[in-house]
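**Q** Input coords.cif, format and content: mmCIF, C-alpha atoms and all ligand atoms.
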data_entry
loop_
_atom_site.label_atom_id
_atom_site.label_comp_id
_atom_site.auth_asym_id
_atom_site.auth_seq_id
_atom_site.Cartn_x
_atom_site.Cartn_y
_atom_site.Cartn_z
CA MET Y 1 -16.85 27.67 -22.50
CA SER Y 2 -16.28 24.05 -21.63
CA ILE Y 3 -14.22 23.28 -18.58
CA LEU Y 4 -11.40 20.79 -18.73
CA PRO Y 5 -12.16 18.23 -16.00
CA LYS Y 6 -9.44 17.33 -13.52
CA LYS Y 7 -7.83 13.92 -13.76
CA LEU Y 8 -7.19 11.69 -10.77
CA ALA Y 9 -5.31 8.38 -10.80
CA LEU Y 10 -5.84 5.82 -8.04
CA ILE Y 11 -2.75 3.69 -7.58
CA VAL Y 12 -3.73 0.41 -5.99
CA PRO Y 13 -0.99 -2.15 -5.24
CA VAL Y 14 -2.47 -5.64 -5.10
CA HIS Y 15 -0.95 -8.94 -4.06
CA ASN Y 16 -3.25 -11.97 -4.02
CA GLU Y 17 -6.41 -9.90 -3.65
CA GLU Y 18 -8.88 -11.69 -5.95
CA GLU Y 19 -11.75 -11.11 -3.51
CA ASN Y 20 -11.12 -7.40 -3.29
CA ILE Y 21 -10.62 -6.13 -6.85
CA SER Y 22 -14.22 -5.49 -7.82
CA LEU Y 23 -15.38 -4.76 -4.27
CA PHE Y 24 -12.84 -1.95 -4.15
CA TYR Y 25 -13.82 -0.71 -7.59
CA ASN Y 26 -17.52 -0.61 -6.71
CA THR Y 27 -16.95 1.07 -3.38
CA VAL Y 28 -14.85 3.82 -4.95
CA LYS Y 29 -17.45 4.35 -7.68
CA ALA Y 30 -20.19 4.60 -5.07
CA ASN Y 31 -18.26 7.21 -3.13
CA LEU Y 32 -16.95 9.38 -5.94
CA THR Y 33 -20.30 10.46 -7.30
CA ARG Y 34 -21.11 13.71 -9.00
CA GLN Y 35 -23.04 14.66 -5.88
CA SER Y 36 -20.13 14.06 -3.53
CA LEU Y 37 -17.97 16.37 -5.67
CA ASN Y 38 -20.53 19.14 -5.86
CA SER Y 39 -18.93 21.36 -3.25
CA LEU Y 40 -15.62 21.31 -5.13
CA PRO Y 41 -14.71 23.79 -7.87
CA GLU Y 42 -16.39 23.24 -11.21
CA ASP Y 43 -13.47 21.47 -12.88
CA PHE Y 44 -13.86 18.66 -10.32
CA HIS Y 45 -17.53 18.00 -11.02
CA GLU Y 46 -16.78 15.74 -13.97
CA LEU Y 47 -13.63 14.37 -12.34
CA ILE Y 48 -11.93 11.71 -14.44
CA CYS Y 49 -10.94 8.97 -12.05
CA ASP Y 50 -8.77 6.17 -13.40
CA PHE Y 51 -7.87 2.97 -11.59
CA TRP Y 52 -4.28 1.79 -11.80
CA TYR Y 53 -4.03 -1.65 -10.26
CA ILE Y 54 -0.44 -2.74 -9.76
CA ASP Y 55 -0.44 -6.53 -9.65
CA ASP Y 56 2.55 -7.32 -7.47
CA GLY Y 57 3.13 -10.90 -8.56
CA SER Y 58 -0.18 -12.37 -7.45
CA ALA Y 59 -0.46 -16.15 -7.60
CA ASP Y 60 -4.26 -16.25 -7.57
CA THR Y 61 -6.80 -14.91 -10.06
CA THR Y 62 -6.21 -11.25 -9.17
CA LEU Y 63 -5.00 -10.35 -12.66
CA ASP Y 64 -7.98 -12.07 -14.32
CA LYS Y 65 -10.31 -10.11 -12.08
CA ILE Y 66 -8.61 -6.87 -13.12
CA LYS Y 67 -8.79 -7.79 -16.80
CA ALA Y 68 -12.48 -8.61 -16.49
CA LEU Y 69 -13.05 -5.19 -14.99
CA GLN Y 70 -11.01 -3.55 -17.72
CA ALA Y 71 -13.12 -5.25 -20.38
CA VAL Y 72 -16.14 -3.27 -19.20
CA ASP Y 73 -14.48 -0.07 -18.06
CA LYS Y 74 -11.64 1.59 -19.95
CA SER Y 75 -10.72 3.69 -16.93
CA VAL Y 76 -9.19 0.56 -15.40
CA HIS Y 77 -5.48 0.08 -16.10
CA PHE Y 78 -2.94 -2.33 -14.75
CA ILE Y 79 0.74 -3.10 -14.55
CA SER Y 80 1.61 -6.68 -13.75
CA PHE Y 81 4.99 -7.63 -12.25
CA SER Y 82 6.94 -10.76 -13.15
CA ARG Y 83 7.00 -11.72 -9.45
CA ASN Y 84 6.33 -10.22 -6.04
CA PHE Y 85 8.52 -7.13 -5.69
CA GLY Y 86 6.79 -5.57 -2.69
CA LYS Y 87 4.36 -2.73 -2.15
CA GLU Y 88 7.07 -0.07 -2.35
CA ALA Y 89 8.03 -1.15 -5.86
CA ALA Y 90 4.35 -1.18 -6.80
CA ILE Y 91 3.90 2.38 -5.56
CA TYR Y 92 6.93 3.50 -7.54
CA ALA Y 93 5.68 1.82 -10.73
CA GLY Y 94 2.27 3.38 -10.25
CA LEU Y 95 3.67 6.87 -9.76
CA SER Y 96 5.89 6.53 -12.84
CA TYR Y 97 2.97 5.72 -15.12
CA THR Y 98 0.52 8.32 -13.88
CA GLN Y 99 2.48 11.47 -14.59
CA ASN Y 100 -0.16 12.84 -16.95
CA TYR Y 101 -2.78 13.10 -14.20
CA ASP Y 102 -3.41 16.23 -12.14
CA TYR Y 103 -3.60 14.26 -8.91
CA VAL Y 104 -2.54 10.84 -7.79
CA ALA Y 105 -3.90 8.87 -4.85
CA LEU Y 106 -2.36 5.82 -3.20
CA MET Y 107 -4.80 3.29 -1.80
CA ASP Y 108 -4.85 -0.22 -0.38
CA VAL Y 109 -7.34 -2.50 -2.03
CA ASP Y 110 -8.61 -4.10 1.19
CA LEU Y 111 -10.77 -1.04 2.06
CA GLN Y 112 -8.62 -0.23 5.08
CA ASP Y 113 -8.18 3.11 3.33
CA PRO Y 114 -11.82 4.24 3.29
CA PRO Y 115 -12.85 5.47 -0.19
CA SER Y 116 -15.52 7.55 1.53
CA LEU Y 117 -12.72 9.94 2.53
CA LEU Y 118 -11.77 10.72 -1.08
CA PRO Y 119 -14.18 13.67 -1.63
CA THR Y 120 -13.18 15.16 1.74
CA MET Y 121 -9.51 14.78 0.89
CA LEU Y 122 -9.95 16.40 -2.51
CA GLU Y 123 -11.87 19.25 -0.98
CA LYS Y 124 -9.22 19.87 1.66
CA LEU Y 125 -6.52 19.74 -1.01
CA VAL Y 126 -8.22 22.37 -3.13
CA THR Y 127 -9.67 24.73 -0.55
CA GLU Y 128 -6.51 24.84 1.57
CA ASN Y 129 -4.30 24.95 -1.49
CA LEU Y 130 -2.20 21.95 -0.41
CA ASP Y 131 0.13 19.65 -2.31
CA SER Y 132 -0.94 16.60 -0.44
CA VAL Y 133 -3.64 15.34 1.89
CA ALA Y 134 -2.56 12.27 3.80
CA THR Y 135 -4.28 10.09 6.36
CA ARG Y 136 -3.48 8.70 9.75
CA ARG Y 137 -5.24 6.20 11.91
CA ALA Y 138 -6.39 7.73 15.16
CA ASP Y 139 -6.24 4.32 16.85
CA ARG Y 140 -4.94 0.83 16.22
CA LYS Y 141 -8.07 -1.08 17.20
CA GLY Y 142 -8.15 -4.61 15.87
CA GLU Y 143 -4.42 -4.73 15.18
CA LYS Y 144 -2.20 -7.39 16.73
CA VAL Y 145 -0.83 -6.10 20.08
CA LEU Y 146 2.76 -7.03 19.28
CA ILE Y 147 2.64 -5.21 15.93
CA SER Y 148 1.07 -2.11 17.52
CA PHE Y 149 3.73 -2.06 20.23
CA PHE Y 150 6.65 -2.26 17.82
CA SER Y 151 5.06 0.16 15.34
CA ASN Y 152 4.71 2.79 18.04
CA LEU Y 153 8.24 2.13 19.23
CA PHE Y 154 9.52 2.50 15.66
CA TYR Y 155 7.76 5.83 15.08
CA GLN Y 156 8.96 7.21 18.41
CA MET Y 157 12.52 6.11 17.80
CA LEU Y 158 12.70 7.37 14.23
CA SER Y 159 11.22 10.73 15.15
CA LYS Y 160 13.98 11.11 17.77
CA ILE Y 161 16.91 10.11 15.61
CA SER Y 162 15.94 11.39 12.19
CA SER Y 163 15.44 14.87 10.85
CA THR Y 164 12.73 13.47 8.57
CA LYS Y 165 9.52 13.62 10.57
CA LEU Y 166 7.00 10.82 10.44
CA VAL Y 167 3.46 11.15 11.70
CA SER Y 168 2.53 8.33 14.07
CA GLY Y 169 -0.13 6.07 12.62
CA ALA Y 170 0.37 7.58 9.14
CA ARG Y 171 -0.93 5.41 6.31
CA ASP Y 172 0.28 5.33 2.74
CA TYR Y 173 -3.22 6.49 1.80
CA ARG Y 174 -2.86 10.02 0.40
CA ILE Y 175 -3.60 12.29 -2.53
CA MET Y 176 -0.72 14.22 -4.08
CA SER Y 177 -0.34 16.89 -6.67
CA GLN Y 178 1.69 15.99 -9.73
CA ALA Y 179 4.43 18.40 -8.61
CA MET Y 180 4.96 16.38 -5.46
CA VAL Y 181 4.85 13.09 -7.37
CA LYS Y 182 7.61 14.32 -9.69
CA ALA Y 183 9.74 15.18 -6.65
CA VAL Y 184 9.22 11.72 -5.17
CA LEU Y 185 10.08 10.05 -8.48
CA ALA Y 186 13.27 12.08 -8.70
CA LEU Y 187 14.58 10.24 -5.62
CA PRO Y 188 16.35 7.34 -7.27
CA GLU Y 189 16.90 5.01 -4.32
CA ASN Y 190 16.10 1.38 -4.70
CA GLN Y 191 15.24 0.50 -1.14
CA ARG Y 192 12.31 2.75 -0.66
CA PHE Y 193 10.44 3.78 2.44
CA SER Y 194 7.73 5.96 0.93
CA LYS Y 195 6.38 7.48 4.13
CA GLY Y 196 9.83 8.91 4.74
CA LEU Y 197 10.25 10.04 1.12
CA PHE Y 198 6.91 11.86 1.15
CA SER Y 199 8.00 13.73 4.24
CA TRP Y 200 11.53 14.34 2.93
CA VAL Y 201 10.42 16.05 -0.30
CA GLY Y 202 8.54 18.65 1.69
CA PHE Y 203 5.46 20.32 0.10
CA LYS Y 204 2.38 21.35 2.02
CA THR Y 205 0.76 18.28 3.53
CA GLU Y 206 -2.13 18.01 5.94
CA TYR Y 207 -3.40 14.90 7.69
CA ILE Y 208 -6.92 13.61 8.15
CA SER Y 209 -7.49 11.20 11.06
CA TYR Y 210 -9.90 8.34 10.92
CA GLU Y 211 -10.80 5.35 13.06
CA ASN Y 212 -8.98 2.18 12.15
CA VAL Y 213 -10.89 -0.06 9.76
CA ASN Y 214 -10.15 -3.77 9.63
CA ARG Y 215 -9.46 -5.63 6.41
CA GLN Y 216 -12.70 -6.64 4.70
CA ARG Y 217 -11.69 -9.79 2.85
CA GLY Y 218 -8.58 -11.84 2.22
CA GLN Y 219 -5.43 -11.86 4.30
CA SER Y 220 -2.73 -9.34 5.07
CA SER Y 221 0.55 -10.07 3.30
CA TRP Y 222 2.57 -8.43 6.06
CA GLY Y 223 3.72 -10.71 8.84
CA PHE Y 224 5.73 -9.53 11.80
CA TRP Y 225 9.15 -10.15 10.20
CA LYS Y 226 8.26 -8.48 6.91
CA LEU Y 227 7.19 -5.40 8.88
CA PHE Y 228 10.33 -5.60 10.99
CA ARG Y 229 12.59 -5.67 7.92
CA TYR Y 230 10.63 -2.78 6.46
CA ALA Y 231 11.14 -0.80 9.67
CA ILE Y 232 14.90 -1.44 9.51
CA THR Y 233 14.95 -0.22 5.89
CA GLY Y 234 13.18 2.94 7.04
CA LEU Y 235 15.62 3.46 9.87
CA ILE Y 236 18.71 2.93 7.72
CA SER Y 237 17.41 5.15 4.91
CA PHE Y 238 16.53 8.06 7.13
CA SER Y 239 19.10 8.13 9.90
CA THR Y 240 22.80 7.64 10.45
CA VAL Y 241 22.39 8.05 14.20
CA PRO Y 242 22.92 4.30 14.82
CA LEU Y 243 26.46 4.74 13.45
CA THR Y 244 27.12 7.65 15.78
CA PHE Y 245 25.70 5.55 18.59
CA VAL Y 246 28.20 2.77 17.85
CA ALA Y 247 31.08 5.25 17.81
CA ALA Y 248 29.93 6.83 21.08
CA LEU Y 249 29.56 3.42 22.69
CA GLY Y 250 33.09 2.50 21.62
CA LEU Y 251 34.45 5.69 23.11
CA LEU Y 252 32.56 5.16 26.36
CA VAL Y 253 33.80 1.58 26.75
CA THR Y 254 37.40 2.67 26.08
CA PHE Y 255 37.06 5.39 28.70
CA VAL Y 256 35.69 3.00 31.33
CA ALA Y 257 38.45 0.47 30.52
CA GLY Y 258 41.03 3.26 30.93
CA LEU Y 259 39.65 4.08 34.37
CA GLY Y 260 39.80 0.39 35.27
CA ALA Y 261 43.43 0.18 34.18
CA ILE Y 262 44.40 3.20 36.26
CA PHE Y 263 42.62 1.70 39.26
CA LEU Y 264 44.49 -1.61 38.90
CA ILE Y 265 47.88 0.08 38.54
CA ILE Y 266 47.34 2.25 41.63
CA ARG Y 267 46.15 -0.74 43.64
CA LYS Y 268 49.23 -2.73 42.62
CA ILE Y 269 51.50 0.14 43.67
CA ILE Y 270 49.78 0.48 47.05
CA ASP Y 271 49.71 -3.27 47.73
CA PRO Y 272 52.12 -5.29 45.51
CA THR Y 273 50.95 -8.60 47.07
CA VAL Y 274 47.33 -8.26 45.81
CA ALA Y 275 46.06 -11.44 44.06
CA ILE Y 276 44.93 -11.55 40.38
CA GLY Y 277 41.11 -11.54 39.99
CA GLY Y 278 38.86 -14.52 39.25
CA TRP Y 279 38.36 -16.51 36.04
CA THR Y 280 34.57 -15.98 35.91
CA THR Y 281 34.88 -12.21 35.76
CA VAL Y 282 37.27 -12.42 32.83
CA VAL Y 283 34.99 -14.76 30.86
CA VAL Y 284 31.92 -12.63 31.51
CA VAL Y 285 33.73 -9.46 30.48
CA ILE Y 286 35.12 -11.07 27.30
CA THR Y 287 31.76 -12.46 26.18
CA PHE Y 288 30.02 -9.19 27.03
CA PHE Y 289 32.36 -7.16 24.87
CA GLY Y 290 32.41 -9.87 22.20
CA GLY Y 291 28.65 -9.45 21.97
CA LEU Y 292 28.89 -5.68 21.96
CA GLN Y 293 31.40 -5.80 19.11
CA MET Y 294 29.25 -8.12 17.03
CA PHE Y 295 26.22 -5.92 17.65
CA SER Y 296 28.15 -2.84 16.54
CA LEU Y 297 29.53 -4.64 13.51
CA GLY Y 298 26.00 -5.70 12.68
CA ILE Y 299 24.81 -2.10 12.67
CA VAL Y 300 27.70 -1.02 10.47
CA GLY Y 301 26.99 -4.09 8.32
CA ARG Y 302 23.39 -3.00 7.74
CA TYR Y 303 24.61 0.27 6.27
CA ILE Y 304 27.15 -1.52 4.09
CA ALA Y 305 24.41 -3.88 2.90
CA ALA Y 306 22.30 -0.85 2.01
CA ILE Y 307 25.17 0.60 -0.03
CA PHE Y 308 25.76 -2.79 -1.68
CA LEU Y 309 22.12 -3.13 -2.70
CA GLU Y 310 21.98 0.42 -4.02
CA THR Y 311 25.17 0.12 -6.07
CA LYS Y 312 23.83 -2.88 -7.98
CA ARG Y 313 21.35 -0.52 -9.63
CA ARG Y 314 18.89 -3.28 -10.31
CA PRO Y 315 15.45 -2.19 -11.47
CA MET Y 316 12.91 -1.92 -8.66
CA TYR Y 317 10.53 -4.21 -10.48
CA ILE Y 318 10.14 -6.13 -13.73
CA GLU Y 319 7.03 -5.60 -15.74
CA LYS Y 320 5.35 -8.56 -17.38
CA GLU Y 321 2.27 -6.89 -18.79
CA ARG Y 322 0.73 -3.45 -18.87
CA LYS Y 323 -2.50 -2.15 -20.30
N1 LIG Y 401 0.61 -5.49 -1.21
C1 LIG Y 401 1.42 -5.50 -2.35
N2 LIG Y 401 2.57 -6.25 -2.31
C2 LIG Y 401 2.95 -6.97 -1.20
C3 LIG Y 401 2.13 -6.89 -0.06
C4 LIG Y 401 0.96 -6.14 -0.10
O1 LIG Y 401 1.12 -4.89 -3.35
O2 LIG Y 401 3.99 -7.63 -1.25
C5 LIG Y 401 -0.63 -4.68 -1.24
C6 LIG Y 401 -1.89 -5.39 -0.76
O3 LIG Y 401 -2.52 -6.10 -1.79
C7 LIG Y 401 -2.74 -4.26 -0.23
C8 LIG Y 401 -1.71 -3.28 0.30
O4 LIG Y 401 -0.47 -3.60 -0.35
O5 LIG Y 401 -3.49 -3.61 -1.26
C9 LIG Y 401 -1.57 -3.38 1.81
O6 LIG Y 401 -1.28 -4.70 2.17
P1 LIG Y 401 -1.92 -5.42 3.42
O7 LIG Y 401 -3.36 -5.09 3.57
O8 LIG Y 401 -1.55 -6.87 3.31
O9 LIG Y 401 -1.08 -4.75 4.60
P2 LIG Y 401 -1.60 -4.28 6.05
O10 LIG Y 401 -2.85 -3.48 5.85
O11 LIG Y 401 -1.83 -5.53 6.81
O12 LIG Y 401 -0.46 -3.47 6.56
MG MG Y 402 -4.45 -3.98 4.82
#
Please render this file's structure as structure tokens.
**A**
Amino acid sequence: MSILPKKLALIVPVHNEEENISLFYNTVKANLTRQSLNSLPEDFHELICDFWYIDDGSADTTLDKIKALQAVDKSVHFISFSRNFGKEAAIYAGLSYTQNYDYVALMDVDLQDPPSLLPTMLEKLVTENLDSVATRRADRKGEKVLISFFSNLFYQMLSKISSTKLVSGARDYRIMSQAMVKAVLALPENQRFSKGLFSWVGFKTEYISYENVNRQRGQSSWGFWKLFRYAITGLISFSTVPLTFVAALGLLVTFVAGLGAIFLIIRKIIDPTVAIGGWTTVVVVITFFGGLQMFSLGIVGRYIAAIFLETKRRPMYIEKERK
């Protein structure tokens, strides 16, 4: 009896990564050998592993490099966007087109997600009967100090104010069963924060830790502000606590102002000749509360902006070419 081999799709978002396309391909091939899959059940021995590069509007020769690879290996596929839509859109596109695979893996092309972990992840998935095996970095060696600081702050804050739990240092690198992928795809939101969505859908997930690996070639497309905006998207999508915070702050300020008013009235009754307070105090108080109001409005505004963007129902990406 012949055994139907399992099918795995590697979804690889790429943005200006010409130096990495074939390096990534070769490294994966070298790590996913028949030998490395030997300890897995028999239907994994001849594992069919397809590459799905999602070209997220690259301006360099990334797409040519992918096409060259495809010319020699039919297991290479690609979707090319009409412009840069962001990694989240690329992940979504990749998941949508790989629904006929048993398993789907998300990977960065810069080898920061070590392909050497793939056999271990598959083994864990199968032997422990999981829906997903994800990865987290045990450390942040080599990362910019400012980015590390704010990343940690973000994870701590979100874990306090959201019922969706995020693992600190979690990467997007993970393998999922098709059942989980379908659940993720069923979430229709436009402004996506995948780490949160993967946690929100549930399913049995285990994490593997590994030491941080620095980017091999090319440059990271994520500057501080891009990461910051992404963090805000995550916060807004997975918590309404900032709104409650604004309401609570408003209530607190009103209460303190009430106390102040009572104090002034009593003082006036006790000593009717008391002089009116200074100009400076008034200005400081007005600007302070002016600032507080703008800050609160800003928070409310972020939620309104999120609603506005969602209601437009624009597609998450526009495809230019797919093969
Ligand atoms: N990427 C993408 N679209 C973007 C930015 C990045 O598809 O707008 C891809 C990129 O090519 C890489 C992965 O997402 O494969 C992670 O990006 P990067 O290494 O720049 O991020 P970092 O590791 O610095 O967080
Ligand atoms: Mg990277």
**Q** Could you list, as a list of chain:residue names, every residue within 9 Å of Y:Leu146, counting only C-alpha atoms and ignoring same-chain residues fewer than 4 positions away?
**A**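 Returned residues: Y:Phe150, Y:Ser151, Y:Phe224.
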**Q** For C-alpha atoms, I'd like the residues from the last selection saved as a CSV table (one decimal), keeping the file's coordinate frame.
**A**
chain,number,residue,atom,x,y,z
Y,150,PHE,CA,6.6,-2.3,17.8
Y,151,SER,CA,5.1,0.2,15.3
Y,224,PHE,CA,5.7,-9.5,11.8
**Q** Got a sec to check which residues lie within 8 Å of ligand LIG 401 (chain Y), using all atoms listed in the file, and send them as a list in words?
**A** Val12, Pro13, Val14, His15, Asn16, Glu17, Ile54, Asp55, Asp56, Gly57, Asn84, Phe85, Gly86, Lys87, Glu88, Ala90, Met107, Asp108, Val109, Asp110, Gln112, Arg215, Gln219, Ser220, Ser221, Trp222 and Gly223 of chain Y
**Q** What is the distance between atom CA of Y:Thr27 and atom CA of Y:Lys144, in Å to one decimal?
**A**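 Between atom CA of Y:Thr27 and atom CA of Y:Lys144 the gap works out to 26.3 Å.
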**Q** Have a look at atom CA of Y:Asp50 and atom CA of Y:Phe24 and let me know their distance in Å, one decimal.
**A**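 The value is 13.0 Å.
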**Q** Can you tell me which residues surround Y:Gln35 at a distance of at most 12 Å, considering only C-alpha atoms, apart from same-chain residues fewer than 4 positions away, and format the answer as a PDB file with C-alpha atoms, in the coordinates of the input?
**A**
ATOM      1  CA  LYS Y  29     -17.450   4.350  -7.680  1.00  0.00           C
ATOM      2  CA  ALA Y  30     -20.190   4.600  -5.070  1.00  0.00           C
ATOM      3  CA  ASN Y  31     -18.260   7.210  -3.130  1.00  0.00           C
ATOM      4  CA  SER Y  39     -18.930  21.360  -3.250  1.00  0.00           C
ATOM      5  CA  LEU Y  40     -15.620  21.310  -5.130  1.00  0.00           C
ATOM      6  CA  PHE Y  44     -13.860  18.660 -10.320  1.00  0.00           C
ATOM      7  CA  HIS Y  45     -17.530  18.000 -11.020  1.00  0.00           C
ATOM      8  CA  GLU Y  46     -16.780  15.740 -13.970  1.00  0.00           C
ATOM      9  CA  LEU Y  47     -13.630  14.370 -12.340  1.00  0.00           C
ATOM     10  CA  PRO Y 119     -14.180  13.670  -1.630  1.00  0.00           C
TER      11      PRO Y 119
END
**Q** For each of Y:Tyr317, Y:Tyr103, Y:Trp200, Y:Phe245, take the minimum atom-to-atom distance to Y:Val300, counting all atoms listed in the file, then give the residue where this is smallest.
**A**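 Checking each candidate against Y:Val300, we get Y:Phe245 as the closest.
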**Q** Kindly give the distance, in Å, that separates atom CA of Y:Ser296 and atom CA of Y:Leu251, rounded to a single decimal.
**A**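 For atom CA of Y:Ser296 relative to atom CA of Y:Leu251, the distance reads 12.5 Å.
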**Q** For stretch 276-291 of chain Y, work out the shell of residues within 12 Å, counting all atoms listed in the file and skipping chain neighbours fewer than 3 positions away, then give it as an MDAnalysis selection string.
**A** chainID Y and resid 249:250 253:254 257 264 267:268 272:273 294:298
**Q** Select, from Y:Asp131, Y:Asp102, Y:Asp73, Y:Asp172, the residue with the minimum atom-to-atom distance to ligand MG 402 (chain Y), counting only C-alpha atoms and all ligand atoms.
**A** Y:Asp172
**Q** When distances are computed from all atoms listed in the file, which of Y:Tyr173, Y:Tyr25, Y:Tyr155, Y:Phe308 shows the smallest separation from ligand MG 402 (chain Y)?
**A**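 Among the listed residues, the smallest separation from ligand MG 402 (chain Y) belongs to Y:Tyr173.
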**Q** Compare Y:Thr33, Y:Ser159, Y:Gln216, Y:Ser96 by their minimum atom-to-atom distance to ligand MG 402 (chain Y), counting all atoms listed in the file, and give me the closest one.
**A**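 For ligand MG 402 (chain Y), the nearest of the given residues is Y:Gln216.
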**Q** Would you kindly return, as a list in words, each protein, DNA or RNA residue with an atom no farther than 9 Å from any atom of Y:Phe78, considering all atoms listed in the file and excluding same-chain residues fewer than 2 positions away?
**A** Phe51, Trp52, Tyr53, Ile54, Asp55, Leu63, Ile66, Lys67, Gln70, Val76, Ser80, Gly94, Glu321, Arg322 and Lys323 of chain Y
**Q** Near Y:Ser162, within 12 Å and counting all atoms listed in the file, which residues show up once chain neighbours fewer than 6 positions away are dropped, as a list in words?
**A**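 Once the adjacent positions are removed, what remains is Phe154, Tyr155, Gln156, Gly196, Ser199, Trp200, Gly234, Leu235, Ile236, Ser237, Phe238, Ser239, Thr240, Val241 and Pro242 of chain Y.
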**Q** Restricting the calculation to all atoms listed in the file, which member of Y:Arg314, Y:Arg136, Y:Arg171, Y:Lys160 is positioned closest to ligand MG 402 (chain Y)?
**A**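 Distance minimum relative to ligand MG 402 (chain Y) lands on Y:Arg171.
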**Q** Closest to Y:Leu185 among Y:Asn214, Y:Ala89, Y:His77, Y:Ser168, using all atoms listed in the file?
**A**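 Among the listed residues, Y:Ala89 lies closest to Y:Leu185.
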**Q** So that all listed atoms of stretch 302-319 of chain Y fit with 8 Å spare on each side, what axis-aligned box centre and edge lengths in Å, to one decimal, would you give as AutoDock Vina command-line options?
**A**
--center_x 17.1 --center_y -2.8 --center_z -4.0 --size_x 36.1 --size_y 22.7 --size_z 39.5
**Q** Please identify all polymer residues lying at most 9 Å from the point (-6.3, -0.1, 14.5) (file coordinates), using only C-alpha atoms, and present the result as a PyMOL selection string.
**A** chain Y and resi 137-144+148+169+211-214
**Q** Take the residues from that selection and put them in a file with C-alpha atoms, as a PDB file, keeping the file's coordinate frame.
**A**
ATOM      1  CA  ARG Y 137      -5.240   6.200  11.910  1.00  0.00           C
ATOM      2  CA  ALA Y 138      -6.390   7.730  15.160  1.00  0.00           C
ATOM      3  CA  ASP Y 139      -6.240   4.320  16.850  1.00  0.00           C
ATOM      4  CA  ARG Y 140      -4.940   0.830  16.220  1.00  0.00           C
ATOM      5  CA  LYS Y 141      -8.070  -1.080  17.200  1.00  0.00           C
ATOM      6  CA  GLY Y 142      -8.150  -4.610  15.870  1.00  0.00           C
ATOM      7  CA  GLU Y 143      -4.420  -4.730  15.180  1.00  0.00           C
ATOM      8  CA  LYS Y 144      -2.200  -7.390  16.730  1.00  0.00           C
ATOM      9  CA  SER Y 148       1.070  -2.110  17.520  1.00  0.00           C
ATOM     10  CA  GLY Y 169      -0.130   6.070  12.620  1.00  0.00           C
ATOM     11  CA  GLU Y 211     -10.800   5.350  13.060  1.00  0.00           C
ATOM     12  CA  ASN Y 212      -8.980   2.180  12.150  1.00  0.00           C
ATOM     13  CA  VAL Y 213     -10.890  -0.060   9.760  1.00  0.00           C
ATOM     14  CA  ASN Y 214     -10.150  -3.770   9.630  1.00  0.00           C
TER      15      ASN Y 214
END
**Q** Please rebuild stretch 299-308 of chain Y with N, CA, C and O atoms and return the result as a PDB file, keeping the file's coordinate frame.
**A**
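The resulting rebuild-v8.pdb:
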ATOM      1  N   ILE Y 299      25.393  -3.392  13.053  1.00  0.00           N
ATOM      2  CA  ILE Y 299      24.810  -2.100  12.670  1.00  0.00           C
ATOM      3  C   ILE Y 299      25.568  -1.524  11.474  1.00  0.00           C
ATOM      4  O   ILE Y 299      24.968  -1.151  10.460  1.00  0.00           O
ATOM      5  N   VAL Y 300      26.902  -1.518  11.587  1.00  0.00           N
ATOM      6  CA  VAL Y 300      27.700  -1.020  10.470  1.00  0.00           C
ATOM      7  C   VAL Y 300      27.405  -1.854   9.218  1.00  0.00           C
ATOM      8  O   VAL Y 300      27.244  -1.331   8.116  1.00  0.00           O
ATOM      9  N   GLY Y 301      27.275  -3.178   9.427  1.00  0.00           N
ATOM     10  CA  GLY Y 301      26.990  -4.090   8.320  1.00  0.00           C
ATOM     11  C   GLY Y 301      25.696  -3.753   7.602  1.00  0.00           C
ATOM     12  O   GLY Y 301      25.605  -3.840   6.377  1.00  0.00           O
ATOM     13  N   ARG Y 302      24.677  -3.344   8.360  1.00  0.00           N
ATOM     14  CA  ARG Y 302      23.390  -3.000   7.740  1.00  0.00           C
ATOM     15  C   ARG Y 302      23.556  -1.826   6.768  1.00  0.00           C
ATOM     16  O   ARG Y 302      22.935  -1.784   5.714  1.00  0.00           O
ATOM     17  N   TYR Y 303      24.380  -0.879   7.160  1.00  0.00           N
ATOM     18  CA  TYR Y 303      24.610   0.270   6.270  1.00  0.00           C
ATOM     19  C   TYR Y 303      25.392  -0.154   5.028  1.00  0.00           C
ATOM     20  O   TYR Y 303      25.097   0.279   3.919  1.00  0.00           O
ATOM     21  N   ILE Y 304      26.382  -1.042   5.240  1.00  0.00           N
ATOM     22  CA  ILE Y 304      27.150  -1.520   4.090  1.00  0.00           C
ATOM     23  C   ILE Y 304      26.234  -2.299   3.144  1.00  0.00           C
ATOM     24  O   ILE Y 304      26.289  -2.141   1.930  1.00  0.00           O
ATOM     25  N   ALA Y 305      25.354  -3.114   3.723  1.00  0.00           N
ATOM     26  CA  ALA Y 305      24.410  -3.880   2.900  1.00  0.00           C
ATOM     27  C   ALA Y 305      23.538  -2.928   2.083  1.00  0.00           C
ATOM     28  O   ALA Y 305      23.256  -3.172   0.909  1.00  0.00           O
ATOM     29  N   ALA Y 306      23.132  -1.826   2.726  1.00  0.00           N
ATOM     30  CA  ALA Y 306      22.300  -0.850   2.010  1.00  0.00           C
ATOM     31  C   ALA Y 306      23.068  -0.254   0.833  1.00  0.00           C
ATOM     32  O   ALA Y 306      22.528  -0.132  -0.267  1.00  0.00           O
ATOM     33  N   ILE Y 307      24.343   0.057   1.063  1.00  0.00           N
ATOM     34  CA  ILE Y 307      25.170   0.600  -0.030  1.00  0.00           C
ATOM     35  C   ILE Y 307      25.301  -0.442  -1.138  1.00  0.00           C
ATOM     36  O   ILE Y 307      25.135  -0.158  -2.317  1.00  0.00           O
ATOM     37  N   PHE Y 308      25.585  -1.684  -0.734  1.00  0.00           N
ATOM     38  CA  PHE Y 308      25.760  -2.790  -1.680  1.00  0.00           C
ATOM     39  C   PHE Y 308      24.530  -2.946  -2.568  1.00  0.00           C
ATOM     40  O   PHE Y 308      24.635  -2.995  -3.795  1.00  0.00           O
TER      41      PHE Y 308
END
